[in-house]
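What's in work_36.pdb: PDB, C-alpha atoms and all ligand atoms
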```
ATOM      1  CA  SER I   1    -103.103  -5.291  38.053
ATOM      2  CA  ILE I   2    -102.035  -5.029  41.688
ATOM      3  CA  PRO I   3     -98.396  -4.046  42.166
ATOM      4  CA  LEU I   4     -96.359  -6.800  43.721
ATOM      5  CA  GLY I   5     -95.172  -4.482  46.499
ATOM      6  CA  PHE I   6     -98.606  -4.480  48.050
ATOM      7  CA  PHE I   7     -98.324  -8.195  48.701
ATOM      8  CA  GLY I   8     -95.086  -7.492  50.524
ATOM      9  CA  GLY I   9     -96.992  -5.024  52.678
ATOM     10  CA  ILE I  10     -99.675  -7.579  53.473
ATOM     11  CA  GLY I  11     -96.991 -10.090  54.378
ATOM     12  CA  ALA I  12     -95.151  -7.647  56.628
ATOM     13  CA  ALA I  13     -98.407  -6.752  58.362
ATOM     14  CA  SER I  14     -99.388 -10.373  58.888
ATOM     15  CA  LYS I  15     -96.033 -11.001  60.601
ATOM     16  CA  CYS I  16     -97.193  -8.433  63.178
ATOM     17  CA  GLY I  17    -100.554 -10.168  63.564
ATOM     18  CA  VAL I  18    -102.363  -7.640  61.375
ATOM     19  CA  LEU I  19    -104.338  -9.615  58.789
ATOM     20  CA  ILE I  20    -105.289  -7.477  55.817
ATOM     21  CA  LYS I  21    -107.905  -9.056  53.574
ATOM     22  CA  GLY I  22    -106.822  -7.330  50.364
ATOM     23  CA  SER I  23    -104.287  -4.867  48.993
ATOM     24  CA  ASN I  24    -107.019  -2.264  48.467
ATOM     25  CA  TYR I  25    -107.385  -2.008  52.255
ATOM     26  CA  LEU I  26    -103.680  -1.351  52.612
ATOM     27  CA  GLU I  27    -104.105   1.591  50.249
ATOM     28  CA  LYS I  28    -107.259   2.769  52.060
ATOM     29  CA  LEU I  29    -105.463   2.578  55.385
ATOM     30  CA  THR I  30    -103.072   5.296  54.212
ATOM     31  CA  GLN I  31    -106.025   7.621  53.567
ATOM     32  CA  ILE I  32    -107.816   7.294  56.919
ATOM     33  CA  ASP I  33    -108.239  10.564  58.863
ATOM     34  CA  THR I  34    -110.802   9.463  61.471
ATOM     35  CA  VAL I  35    -110.598   6.419  63.712
ATOM     36  CA  VAL I  36    -113.812   5.386  65.447
ATOM     37  CA  MET I  37    -113.547   2.844  68.244
ATOM     38  CA  ASP I  38    -116.015   0.800  70.177
ATOM     39  CA  LYS I  39    -115.362   1.003  73.919
ATOM     40  CA  THR I  40    -115.913  -2.440  75.392
ATOM     41  CA  GLY I  41    -113.280  -4.971  74.358
ATOM     42  CA  THR I  42    -111.579  -2.495  72.046
ATOM     43  CA  ILE I  43    -110.390   0.351  74.290
ATOM     44  CA  THR I  44    -111.143  -1.574  77.487
ATOM     45  CA  LYS I  45    -110.268  -5.166  78.314
ATOM     46  CA  GLY I  46    -113.885  -6.249  78.105
ATOM     47  CA  SER I  47    -113.574  -8.290  81.254
ATOM     48  CA  PHE I  48    -115.967  -6.814  83.763
ATOM     49  CA  GLU I  49    -116.074  -7.377  87.486
ATOM     50  CA  VAL I  50    -118.900  -6.893  89.948
ATOM     51  CA  ILE I  51    -117.819  -3.970  92.157
ATOM     52  CA  GLY I  52    -121.052  -3.102  93.944
ATOM     53  CA  ILE I  53    -124.331  -4.670  95.130
ATOM     54  CA  PHE I  54    -127.241  -2.352  95.875
ATOM     55  CA  PRO I  55    -130.465  -4.115  96.906
ATOM     56  CA  ALA I  56    -133.610  -1.967  96.686
ATOM     57  CA  ARG I  57    -134.155  -2.574 100.391
ATOM     58  CA  LYS I  58    -132.744  -4.564 103.294
ATOM     59  CA  GLY I  59    -133.145  -8.322 102.953
ATOM     60  CA  LEU I  60    -133.157  -8.344  99.152
ATOM     61  CA  GLU I  61    -129.429  -8.797  98.633
ATOM     62  CA  GLU I  62    -129.465 -12.569  98.106
ATOM     63  CA  ASP I  63    -132.498 -12.392  95.821
ATOM     64  CA  LEU I  64    -130.865  -9.658  93.787
ATOM     65  CA  ILE I  65    -127.713 -11.708  93.284
ATOM     66  CA  ARG I  66    -129.598 -14.937  92.603
ATOM     67  CA  TYR I  67    -131.913 -13.471  89.965
ATOM     68  CA  ALA I  68    -129.066 -11.614  88.303
ATOM     69  CA  VAL I  69    -126.839 -14.701  88.161
ATOM     70  CA  GLN I  70    -129.619 -17.016  86.936
ATOM     71  CA  ILE I  71    -130.575 -14.776  84.040
ATOM     72  CA  GLU I  72    -127.121 -13.490  83.058
ATOM     73  CA  ARG I  73    -125.788 -17.052  82.850
ATOM     74  CA  ASN I  74    -127.546 -17.335  79.513
ATOM     75  CA  SER I  75    -125.809 -14.398  77.862
ATOM     76  CA  ASN I  76    -122.347 -14.153  76.313
ATOM     77  CA  HIS I  77    -122.095 -10.417  76.893
ATOM     78  CA  PRO I  78    -118.967  -9.496  78.893
ATOM     79  CA  ILE I  79    -121.198  -7.902  81.547
ATOM     80  CA  ALA I  80    -123.134 -11.165  81.818
ATOM     81  CA  ARG I  81    -119.978 -13.223  82.248
ATOM     82  CA  ALA I  82    -118.920 -11.064  85.211
ATOM     83  CA  ILE I  83    -122.257 -11.534  86.936
ATOM     84  CA  ALA I  84    -122.433 -15.277  86.209
ATOM     85  CA  ASN I  85    -118.917 -15.758  87.606
ATOM     86  CA  TYR I  86    -119.740 -13.757  90.698
ATOM     87  CA  ARG I  87    -121.687 -16.717  92.100
ATOM     88  CA  SER I  88    -120.806 -19.619  89.858
ATOM     89  CA  GLU I  89    -121.637 -22.115  92.639
ATOM     90  CA  LEU I  90    -125.375 -21.329  92.497
ATOM     91  CA  VAL I  91    -127.401 -24.267  91.165
ATOM     92  CA  THR I  92    -128.924 -23.421  87.799
ATOM     93  CA  GLU I  93    -132.687 -22.924  87.995
ATOM     94  CA  GLU I  94    -134.979 -23.633  85.068
ATOM     95  CA  LEU I  95    -135.601 -20.630  82.951
ATOM     96  CA  THR I  96    -137.917 -20.075  79.988
ATOM     97  CA  ASP I  97    -138.818 -17.284  77.531
ATOM     98  CA  TYR I  98    -135.242 -16.032  77.564
ATOM     99  CA  THR I  99    -134.675 -12.968  75.376
ATOM    100  CA  GLU I 100    -131.697 -10.729  74.924
ATOM    101  CA  LYS I 101    -132.264  -7.163  73.773
ATOM    102  CA  ALA I 102    -129.071  -5.608  72.403
ATOM    103  CA  GLY I 103    -128.210  -2.350  74.147
ATOM    104  CA  TYR I 104    -130.804  -2.924  76.873
ATOM    105  CA  GLY I 105    -130.505  -6.209  78.761
ATOM    106  CA  LEU I 106    -132.214  -9.542  79.301
ATOM    107  CA  SER I 107    -135.612 -10.931  80.218
ATOM    108  CA  ALA I 108    -136.866 -14.417  81.107
ATOM    109  CA  THR I 109    -139.333 -16.365  83.200
ATOM    110  CA  LEU I 110    -137.873 -18.034  86.288
ATOM    111  CA  LYS I 111    -140.239 -20.299  88.273
ATOM    112  CA  GLY I 112    -143.253 -18.411  86.963
ATOM    113  CA  LYS I 113    -141.787 -14.993  87.677
ATOM    114  CA  LYS I 114    -140.876 -12.483  84.991
ATOM    115  CA  VAL I 115    -137.286 -11.364  85.537
ATOM    116  CA  ILE I 116    -135.611  -8.474  83.738
ATOM    117  CA  ALA I 117    -132.009  -7.307  84.067
ATOM    118  CA  GLY I 118    -130.452  -4.402  82.248
ATOM    119  CA  ASN I 119    -129.698  -0.717  82.129
ATOM    120  CA  GLU I 120    -131.764   2.371  82.997
ATOM    121  CA  ARG I 121    -133.226   2.490  79.511
ATOM    122  CA  PHE I 122    -134.455  -1.080  79.884
ATOM    123  CA  MET I 123    -136.124  -0.343  83.230
ATOM    124  CA  GLU I 124    -137.856   2.688  81.716
ATOM    125  CA  MET I 125    -139.043   0.616  78.796
ATOM    126  CA  ASN I 126    -140.571  -1.841  81.278
ATOM    127  CA  HIS I 127    -142.012   0.938  83.474
ATOM    128  CA  VAL I 128    -139.904  -0.032  86.487
ATOM    129  CA  GLU I 129    -138.759   2.710  88.856
ATOM    130  CA  TYR I 130    -135.102   2.305  89.685
ATOM    131  CA  LYS I 131    -132.395   3.940  91.766
ATOM    132  CA  VAL I 132    -128.939   4.701  90.406
ATOM    133  CA  PRO I 133    -126.249   4.088  93.059
ATOM    134  CA  LYS I 134    -123.572   6.736  93.520
ATOM    135  CA  MET I 135    -120.762   4.568  92.238
ATOM    136  CA  LEU I 136    -118.975   4.926  88.919
ATOM    137  CA  GLY I 137    -119.650   1.851  86.831
ATOM    138  CA  THR I 138    -122.195   0.207  84.578
ATOM    139  CA  SER I 139    -125.455  -0.534  86.361
ATOM    140  CA  VAL I 140    -127.392  -3.749  85.886
ATOM    141  CA  HIS I 141    -130.815  -3.221  87.422
ATOM    142  CA  VAL I 142    -133.018  -6.198  88.277
ATOM    143  CA  ALA I 143    -136.805  -6.344  88.551
ATOM    144  CA  VAL I 144    -139.041  -9.353  89.282
ATOM    145  CA  ASP I 145    -142.716  -9.274  88.285
ATOM    146  CA  GLY I 146    -142.396  -5.519  87.923
ATOM    147  CA  GLU I 147    -140.927  -5.059  91.402
ATOM    148  CA  TYR I 148    -137.529  -3.373  91.592
ATOM    149  CA  ILE I 149    -135.035  -5.636  93.408
ATOM    150  CA  GLY I 150    -131.902  -3.544  93.085
ATOM    151  CA  CYS I 151    -128.781  -2.953  91.096
ATOM    152  CA  LEU I 152    -125.347  -4.483  90.551
ATOM    153  CA  ILE I 153    -122.464  -2.292  89.459
ATOM    154  CA  VAL I 154    -119.935  -3.802  87.081
ATOM    155  CA  ALA I 155    -116.743  -2.217  85.816
ATOM    156  CA  ASP I 156    -114.143  -2.786  83.166
ATOM    157  CA  VAL I 157    -110.604  -1.397  82.872
ATOM    158  CA  VAL I 158    -108.748   0.170  79.957
ATOM    159  CA  LYS I 159    -106.060  -1.845  78.217
ATOM    160  CA  GLU I 160    -102.501  -0.748  79.068
ATOM    161  CA  GLU I 161    -101.749   0.240  75.484
ATOM    162  CA  SER I 162    -104.929   2.162  74.608
ATOM    163  CA  MET I 163    -103.693   5.622  75.575
ATOM    164  CA  LYS I 164    -100.347   5.191  73.825
ATOM    165  CA  ALA I 165    -101.988   3.841  70.654
ATOM    166  CA  ILE I 166    -104.351   6.820  70.472
ATOM    167  CA  GLU I 167    -101.494   9.253  71.047
ATOM    168  CA  GLU I 168     -99.517   7.555  68.257
ATOM    169  CA  LEU I 169    -102.483   7.693  65.881
ATOM    170  CA  LYS I 170    -102.490  11.483  66.308
ATOM    171  CA  LYS I 171     -98.771  11.591  65.526
ATOM    172  CA  GLN I 172     -99.452   9.512  62.414
ATOM    173  CA  GLY I 173    -101.782  12.224  61.167
ATOM    174  CA  ILE I 174    -105.153  10.875  62.280
ATOM    175  CA  GLN I 175    -107.243  13.985  62.927
ATOM    176  CA  LYS I 176    -109.963  12.564  65.114
ATOM    177  CA  VAL I 177    -110.287   9.564  67.392
ATOM    178  CA  ILE I 178    -113.881   8.936  68.423
ATOM    179  CA  MET I 179    -115.255   6.446  70.956
ATOM    180  CA  LEU I 180    -118.726   4.935  70.570
ATOM    181  CA  THR I 181    -120.504   2.915  73.240
ATOM    182  CA  GLY I 182    -123.841   1.647  74.422
ATOM    183  CA  ASP I 183    -122.665   2.189  77.982
ATOM    184  CA  LYS I 184    -123.802   5.111  80.087
ATOM    185  CA  LYS I 185    -122.464   8.621  79.709
ATOM    186  CA  GLU I 186    -120.586   8.943  83.017
ATOM    187  CA  VAL I 187    -118.617   5.737  82.425
ATOM    188  CA  ALA I 188    -117.981   6.542  78.762
ATOM    189  CA  GLU I 189    -116.680  10.026  79.523
ATOM    190  CA  TYR I 190    -114.455   8.775  82.304
ATOM    191  CA  ILE I 191    -112.855   6.151  80.064
ATOM    192  CA  GLY I 192    -112.666   8.491  77.073
ATOM    193  CA  GLY I 193    -110.824  11.006  79.265
ATOM    194  CA  GLU I 194    -108.429   8.365  80.541
ATOM    195  CA  VAL I 195    -107.268   7.354  77.056
ATOM    196  CA  GLY I 196    -107.479  10.766  75.378
ATOM    197  CA  VAL I 197    -110.047  10.328  72.621
ATOM    198  CA  ASP I 198    -111.337  13.537  71.002
ATOM    199  CA  GLN I 199    -115.027  12.706  71.165
ATOM    200  CA  VAL I 200    -117.277  10.339  73.075
ATOM    201  CA  TYR I 201    -120.749   9.207  72.043
ATOM    202  CA  ALA I 202    -122.498   7.170  74.730
ATOM    203  CA  GLU I 203    -125.792   5.351  75.331
ATOM    204  CA  LEU I 204    -125.949   4.313  71.689
ATOM    205  CA  LEU I 205    -128.003   1.419  70.408
ATOM    206  CA  PRO I 206    -126.325  -0.771  67.773
ATOM    207  CA  GLN I 207    -128.160   1.095  64.985
ATOM    208  CA  ASP I 208    -127.054   4.454  66.442
ATOM    209  CA  LYS I 209    -123.443   3.361  65.977
ATOM    210  CA  VAL I 210    -124.202   2.684  62.306
ATOM    211  CA  HIS I 211    -125.759   6.138  61.944
ATOM    212  CA  GLN I 212    -122.806   7.869  63.616
ATOM    213  CA  VAL I 213    -120.331   6.277  61.212
ATOM    214  CA  GLU I 214    -122.648   6.874  58.244
ATOM    215  CA  LYS I 215    -122.758  10.567  59.145
ATOM    216  CA  LEU I 216    -118.976  10.829  59.438
ATOM    217  CA  ILE I 217    -118.561   9.232  56.001
ATOM    218  CA  GLU I 218    -121.194  11.533  54.481
ATOM    219  CA  GLU I 219    -119.334  14.519  55.893
ATOM    220  CA  GLY I 220    -116.336  13.444  53.857
ATOM    221  CA  ASN I 221    -114.209  11.829  56.541
ATOM    222  CA  LYS I 222    -112.209   8.721  55.735
ATOM    223  CA  VAL I 223    -113.274   6.448  58.537
ATOM    224  CA  ALA I 224    -111.758   3.356  60.100
ATOM    225  CA  PHE I 225    -113.924   1.595  62.679
ATOM    226  CA  VAL I 226    -112.504  -0.764  65.283
ATOM    227  CA  GLY I 227    -114.791  -3.178  67.124
ATOM    228  CA  ASP I 228    -115.209  -6.697  68.393
ATOM    229  CA  GLY I 229    -118.858  -7.508  69.030
ATOM    230  CA  ILE I 230    -121.622  -9.215  67.080
ATOM    231  CA  ASN I 231    -123.454  -5.890  67.017
ATOM    232  CA  ASP I 232    -120.430  -4.205  65.501
ATOM    233  CA  ALA I 233    -120.611  -6.196  62.250
ATOM    234  CA  PRO I 234    -122.831  -3.684  60.381
ATOM    235  CA  VAL I 235    -120.517  -0.798  61.341
ATOM    236  CA  LEU I 236    -117.417  -2.774  60.377
ATOM    237  CA  ALA I 237    -118.920  -3.440  56.962
ATOM    238  CA  LEU I 238    -119.919   0.203  56.477
ATOM    239  CA  ALA I 239    -116.634   1.893  57.444
ATOM    240  CA  ASP I 240    -114.016   2.696  54.791
ATOM    241  CA  VAL I 241    -111.798   0.301  56.713
ATOM    242  CA  GLY I 242    -113.374  -2.100  59.225
ATOM    243  CA  ILE I 243    -110.942  -3.423  61.818
ATOM    244  CA  ALA I 244    -111.910  -6.348  64.069
ATOM    245  CA  MET I 245    -110.336  -7.607  67.244
ATOM    246  CA  GLY I 246    -109.565 -11.162  66.124
ATOM    247  CA  GLY I 247    -108.828 -12.917  69.391
ATOM    248  CA  ILE I 248    -111.815 -11.893  71.467
ATOM    249  CA  GLY I 249    -113.951 -10.739  68.549
ATOM    250  CA  SER I 250    -117.125 -12.465  67.438
ATOM    251  CA  ASP I 251    -117.066 -14.461  64.192
ATOM    252  CA  ALA I 252    -119.534 -11.957  62.742
ATOM    253  CA  ALA I 253    -117.170  -9.070  63.472
ATOM    254  CA  VAL I 254    -114.154 -10.857  61.999
ATOM    255  CA  GLU I 255    -116.201 -11.790  58.928
ATOM    256  CA  ALA I 256    -117.483  -8.248  58.323
ATOM    257  CA  SER I 257    -114.060  -6.646  58.748
ATOM    258  CA  ASP I 258    -111.339  -5.722  56.250
ATOM    259  CA  ILE I 259    -108.499  -6.030  58.737
ATOM    260  CA  VAL I 260    -108.169  -8.363  61.725
ATOM    261  CA  LEU I 261    -105.937  -7.666  64.728
ATOM    262  CA  MET I 262    -104.807 -11.048  66.022
ATOM    263  CA  GLN I 263    -103.472  -9.681  69.322
ATOM    264  CA  ASP I 264    -106.482  -7.482  70.098
ATOM    265  CA  ASN I 265    -103.969  -4.696  70.644
ATOM    266  CA  LEU I 266    -104.714  -1.174  69.386
ATOM    267  CA  MET I 267    -100.988  -0.561  68.780
ATOM    268  CA  GLN I 268    -101.325  -2.982  65.879
ATOM    269  CA  ILE I 269    -103.294  -0.286  64.064
ATOM    270  CA  ASN I 270    -100.311   2.053  64.353
ATOM    271  CA  LYS I 271     -98.151  -0.728  62.962
ATOM    272  CA  GLY I 272    -100.625  -1.364  60.134
ATOM    273  CA  ILE I 273    -100.711   2.312  59.147
ATOM    274  CA  GLU I 274     -96.920   2.498  59.254
ATOM    275  CA  ILE I 275     -96.558  -0.545  57.001
ATOM    276  CA  ALA I 276     -99.277   0.731  54.655
ATOM    277  CA  LYS I 277     -97.566   4.107  54.260
ATOM    278  CA  TYR I 278     -94.155   2.539  53.773
ATOM    279  CA  THR I 279     -95.523   0.105  51.177
ATOM    280  CA  LYS I 280     -97.189   2.946  49.298
ATOM    281  CA  ARG I 281     -93.936   4.897  49.182
ATOM    282  CA  ILE I 282     -91.928   2.024  47.748
ATOM    283  CA  VAL I 283     -94.662   0.925  45.324
ATOM    284  CA  LYS I 284     -95.239   4.339  43.789
TER     285      LYS I 284
HETATM  286  P1  LIG I 301    -120.837  -1.570  74.136
HETATM  287  O1  LIG I 301    -121.176  -0.413  73.269
HETATM  288  O2  LIG I 301    -120.021  -1.148  75.323
HETATM  289  O3  LIG I 301    -120.219  -2.688  73.370
HETATM  290  P2  LIG I 301    -123.431  -2.924  74.241
HETATM  291  O4  LIG I 301    -124.045  -2.253  73.063
HETATM  292  O5  LIG I 301    -123.095  -4.357  74.133
HETATM  293  O6  LIG I 301    -122.178  -2.083  74.793
HETATM  294  O7  LIG I 301    -124.409  -2.761  75.490
HETATM  295  C1  LIG I 301    -124.846  -1.488  75.896
HETATM  296  C2  LIG I 301    -125.426  -1.516  77.256
HETATM  297  O8  LIG I 301    -126.553  -2.416  77.287
HETATM  298  C3  LIG I 301    -124.522  -2.032  78.348
HETATM  299  O9  LIG I 301    -123.646  -1.042  78.822
HETATM  300  C4  LIG I 301    -125.520  -2.472  79.380
HETATM  301  O10 LIG I 301    -126.000  -1.368  80.094
HETATM  302  C5  LIG I 301    -126.654  -3.036  78.541
HETATM  303  N1  LIG I 301    -126.519  -4.489  78.393
HETATM  304  C6  LIG I 301    -126.165  -5.181  77.295
HETATM  305  N2  LIG I 301    -126.142  -6.500  77.521
HETATM  306  C7  LIG I 301    -126.448  -6.661  78.821
HETATM  307  C8  LIG I 301    -126.583  -7.798  79.701
HETATM  308  N3  LIG I 301    -126.353  -9.031  79.298
HETATM  309  N4  LIG I 301    -126.946  -7.554  80.976
HETATM  310  C9  LIG I 301    -127.151  -6.315  81.422
HETATM  311  N5  LIG I 301    -127.054  -5.222  80.671
HETATM  312  C10 LIG I 301    -126.713  -5.384  79.388
HETATM  313 MG    MG I 302    -119.540  -3.972  71.955
END
```

Please express what this file holds, its structure, as structure tokens.
Ligand code: ADP
Ligand code: MG
Amino acid sequence: SIPLGFFGGIGAASKCGVLIKGSNYLEKLTQIDTVVMDKTGTITKGSFEVIGIFPARKGLEEDLIRYAVQIERNSNHPIARAIANYRSELVTEELTDYTEKAGYGLSATLKGKKVIAGNERFMEMNHVEYKVPKMLGTSVHVAVDGEYIGCLIVADVVKEESMKAIEELKKQGIQKVIMLTGDKKEVAEYIGGEVGVDQVYAELLPQDKVHQVEKLIEEGNKVAFVGDGINDAPVLALADVGIAMGGIGSDAAVEASDIVLMQDNLMQINKGIEIAKYTKRIVK
């Protein structure tokens, strides 16, 4: 039977907005030595802004913006929301064959033209030659009927508490804090450096994130994974403890997780670990 004290721990945690789905996760939380975090929406705010417009040549600026806005309006990705909001006044044009490719970008047909928008990898996959602007940020390249139109740069900012939470995790005995992201290397390393994670793995596809965590578990680490997106659900389910951002997180992420952070604040993990350890001490 489960000692009554564990329920006290769950109650104390829930008062701090940390919802623990079972007493076994409270126990597991005390054993974690590696915390793996998704970047977007977990370490960063997940609210991007357009910070640069780079048409492939003069005269293409309006086309670049228009195509990007029309196609990105259909996606719920935080990058897409930034681009859609950039010119929300544009009248919606009819669009067919819309497809979203996780970790790459979007494609659709707009007035008979095939439009694609996404990262470098997506352009390569579609055999489109692109140019990467010299500006730190995530690039969204656009091509129409195979012709390169240009690139928009979007950027996100770290949450105020991310650095402190990571520092505290180290003090609580967590040996490694690792950041995973599908975003490009330069951006990932910049953000990883800002918040002080030990390792950064960038340009990962959703399945690569699963493999990274699988490997860490196989190597004997006790792994907690923190994420918020639809694509994070398989990783959340796989980790020893899956922690979802409950406010901004997708239903799939919340469902697949063992612990839900109602305030989307990484400091809640520190609180959760503290409560878990305290509960264990008084229960034993
Ligand atoms: P993260 O690991 O930061 O959560 P994702 O796996 O969601 O990132 O996406 C990885 C990358 O795929 C993004 O950084 C971006 O380059 C590209 N991407 C994903 N969705 C879109 C979109 N709607 N428009 C443009 N690019 C996208
Ligand atoms: Mg994500």

Could you list, with a cut-off of 12 Å and counting only C-alpha atoms and all ligand atoms, the residues of chain I near ligand MG 302 (chain I), each shown with its nearest atom pair and the distance in Å rounded to one decimal, rows sorted by chain and ascending number, as CSV?
```
residue,atom,partner,partner_atom,distance
I:Met37,CA,I:MG302,MG,9.8
I:Asp38,CA,I:MG302,MG,6.2
I:Lys39,CA,I:MG302,MG,6.8
I:Thr40,CA,I:MG302,MG,5.2
I:Gly41,CA,I:MG302,MG,6.8
I:Thr42,CA,I:MG302,MG,8.1
I:Ile43,CA,I:MG302,MG,10.4
I:Thr44,CA,I:MG302,MG,10.3
I:Lys45,CA,I:MG302,MG,11.3
I:Gly46,CA,I:MG302,MG,8.7
I:Ser47,CA,I:MG302,MG,11.9
I:Asn76,CA,I:MG302,MG,11.4
I:His77,CA,I:MG302,MG,8.5
I:Pro78,CA,I:MG302,MG,8.9
I:Ile79,CA,I:MG302,MG,10.5
I:Ala102,CA,I:MG302,MG,9.7
I:Gly103,CA,I:MG302,MG,9.1
I:Met179,CA,I:MG302,MG,11.3
I:Leu180,CA,I:MG302,MG,9.1
I:Thr181,CA,I:MG302,MG,7.1
I:Gly182,CA,I:MG302,MG,7.5
I:Asp183,CA,I:MG302,MG,9.2
I:Ala202,CA,I:MG302,MG,11.9
I:Glu203,CA,I:MG302,MG,11.7
I:Leu204,CA,I:MG302,MG,10.5
I:Leu205,CA,I:MG302,MG,10.2
I:Pro206,CA,I:MG302,MG,8.6
I:Lys209,CA,I:MG302,MG,10.2
I:Val226,CA,I:MG302,MG,10.2
I:Gly227,CA,I:MG302,MG,6.8
I:Asp228,CA,I:MG302,MG,6.2
I:Gly229,CA,I:MG302,MG,4.6
I:Ile230,CA,I:MG302,MG,7.5
I:Asn231,CA,I:MG302,MG,6.6
I:Asp232,CA,I:MG302,MG,6.5
I:Ala233,CA,I:MG302,MG,10.0
I:Val235,CA,I:MG302,MG,11.1
I:Leu236,CA,I:MG302,MG,11.8
I:Ala244,CA,I:MG302,MG,11.2
I:Met245,CA,I:MG302,MG,11.0
I:Ile248,CA,I:MG302,MG,11.1
I:Gly249,CA,I:MG302,MG,9.4
I:Ser250,CA,I:MG302,MG,9.9
I:Ala253,CA,I:MG302,MG,10.2
```

For those residues, write C-alpha atoms to a file as a tab-separated table (two decimals), in the frame of the given file.
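File written: selection-v3.tsv
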```tsv
chain	number	residue	atom	x	y	z
I	37	MET	CA	-113.55	2.84	68.24
I	38	ASP	CA	-116.02	0.80	70.18
I	39	LYS	CA	-115.36	1.00	73.92
I	40	THR	CA	-115.91	-2.44	75.39
I	41	GLY	CA	-113.28	-4.97	74.36
I	42	THR	CA	-111.58	-2.50	72.05
I	43	ILE	CA	-110.39	0.35	74.29
I	44	THR	CA	-111.14	-1.57	77.49
I	45	LYS	CA	-110.27	-5.17	78.31
I	46	GLY	CA	-113.88	-6.25	78.10
I	47	SER	CA	-113.57	-8.29	81.25
I	76	ASN	CA	-122.35	-14.15	76.31
I	77	HIS	CA	-122.10	-10.42	76.89
I	78	PRO	CA	-118.97	-9.50	78.89
I	79	ILE	CA	-121.20	-7.90	81.55
I	102	ALA	CA	-129.07	-5.61	72.40
I	103	GLY	CA	-128.21	-2.35	74.15
I	179	MET	CA	-115.26	6.45	70.96
I	180	LEU	CA	-118.73	4.93	70.57
I	181	THR	CA	-120.50	2.92	73.24
I	182	GLY	CA	-123.84	1.65	74.42
I	183	ASP	CA	-122.66	2.19	77.98
I	202	ALA	CA	-122.50	7.17	74.73
I	203	GLU	CA	-125.79	5.35	75.33
I	204	LEU	CA	-125.95	4.31	71.69
I	205	LEU	CA	-128.00	1.42	70.41
I	206	PRO	CA	-126.32	-0.77	67.77
I	209	LYS	CA	-123.44	3.36	65.98
I	226	VAL	CA	-112.50	-0.76	65.28
I	227	GLY	CA	-114.79	-3.18	67.12
I	228	ASP	CA	-115.21	-6.70	68.39
I	229	GLY	CA	-118.86	-7.51	69.03
I	230	ILE	CA	-121.62	-9.22	67.08
I	231	ASN	CA	-123.45	-5.89	67.02
I	232	ASP	CA	-120.43	-4.20	65.50
I	233	ALA	CA	-120.61	-6.20	62.25
I	235	VAL	CA	-120.52	-0.80	61.34
I	236	LEU	CA	-117.42	-2.77	60.38
I	244	ALA	CA	-111.91	-6.35	64.07
I	245	MET	CA	-110.34	-7.61	67.24
I	248	ILE	CA	-111.82	-11.89	71.47
I	249	GLY	CA	-113.95	-10.74	68.55
I	250	SER	CA	-117.12	-12.46	67.44
I	253	ALA	CA	-117.17	-9.07	63.47
```

* Return as a PyMOL selection string the set of residues that the PyMOL selection byres (((chain I and resi 13) around 12) and not hetatm) yields on the displayed structure. => chain I and resi 6-12+14-23+25-26+259-262+268-279

* What residues come out when you apply the PyMOL selection byres (((chain I and resi 152) around 6) and not hetatm) to this file, written as a VMD selection string? -> chain I and resid 52 to 53 139 to 140 151 153

* Among listed residues I:Val187, I:Val200, I:Val154, I:Val144, nearest I:Asp63 (using all atoms listed in the file) -> I:Val144

* Out of I:Gln175, I:Asn24, I:Asn265, I:Thr30, which residue has the shortest atom-to-atom distance to I:Asn221 when counting all atoms listed in the file? ->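 Smallest separation from I:Asn221 among the options: I:Gln175.
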
* Within 10 Å of I:Asn74 using all atoms listed in the file, minus same-chain residues under 6 positions, as JSON, numbers by chain -> {"I": [80, 81, 84, 95, 98, 99, 100, 106, 108]}

* To do: Rounded to one decimal place, report the atom CA of I:Leu64-atom O4 of ligand LIG 301 (chain I) distance in Å.
  =>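 If I compute the distance from atom CA of I:Leu64 to atom O4 of ligand LIG 301 (chain I), I get 23.0 Å.
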
* Check the smallest atom-to-atom distance from each of I:Phe225, I:Tyr130, I:Phe54, I:Tyr67 to I:Lys176 using only C-alpha atoms, then report the winner. => I:Phe225

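Considering only C-alpha atoms, the residue among I:Ile178, I:Val142, I:Val213, I:Val157 positioned nearest to I:Val197 is I:Ile178.
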
With all atoms of ligand LIG 301 (chain I) from the file as input, state the centre and edge lengths in Å to one decimal of the axis-aligned box that has 3 Å extra on each side, as lines of an AutoDock Vina configuration file.
```
center_x = -123.6
center_y = -4.7
center_z = 77.2
size_x = 13.1
size_y = 14.6
size_z = 14.4
```

* Tell me, in Å to one decimal, how far atom CA of I:Glu61 is from atom CA of I:Tyr148. =>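 According to the coordinates, atom CA of I:Glu61 and atom CA of I:Tyr148 are separated by 12.0 Å.
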
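The residue that comes closest to ligand LIG 301 (chain I), out of I:Gln172, I:Ser257, I:Ser162, I:Ser75 and on the basis of only C-alpha atoms and all ligand atoms, is I:Ser75.
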
* **Polymer residues at most 7 Å from I:Val241, only C-alpha atoms, same-chain spacing of 5 or more positions, as a PyMOL selection string** => chain I and resi 25+28-29+223-225+258

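From atom CA of I:Leu238 back to atom CA of I:Glu214, the distance works out to 7.4 Å.
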
* Asked: Any idea what's packed within 12 Å of I:Lys113, counting all atoms listed in the file, ignoring anything in its chain fewer than 3 positions away? Could you give it as a list in words?
  ->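 Everything that qualifies: Tyr67, Ile71, Glu94, Leu95, Thr96, Asp97, Ser107, Ala108, Thr109, Leu110, Ile116, Ala143, Val144, Asp145, Gly146 and Glu147 of chain I.
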
* To do: List the residues matched by the PyMOL selection byres (((chain I and resi 33) around 6) and not hetatm) in the displayed structure as a ChimeraX atom specification, ordered by chain and then by residue number.
  => /I:32,34,174-175,222
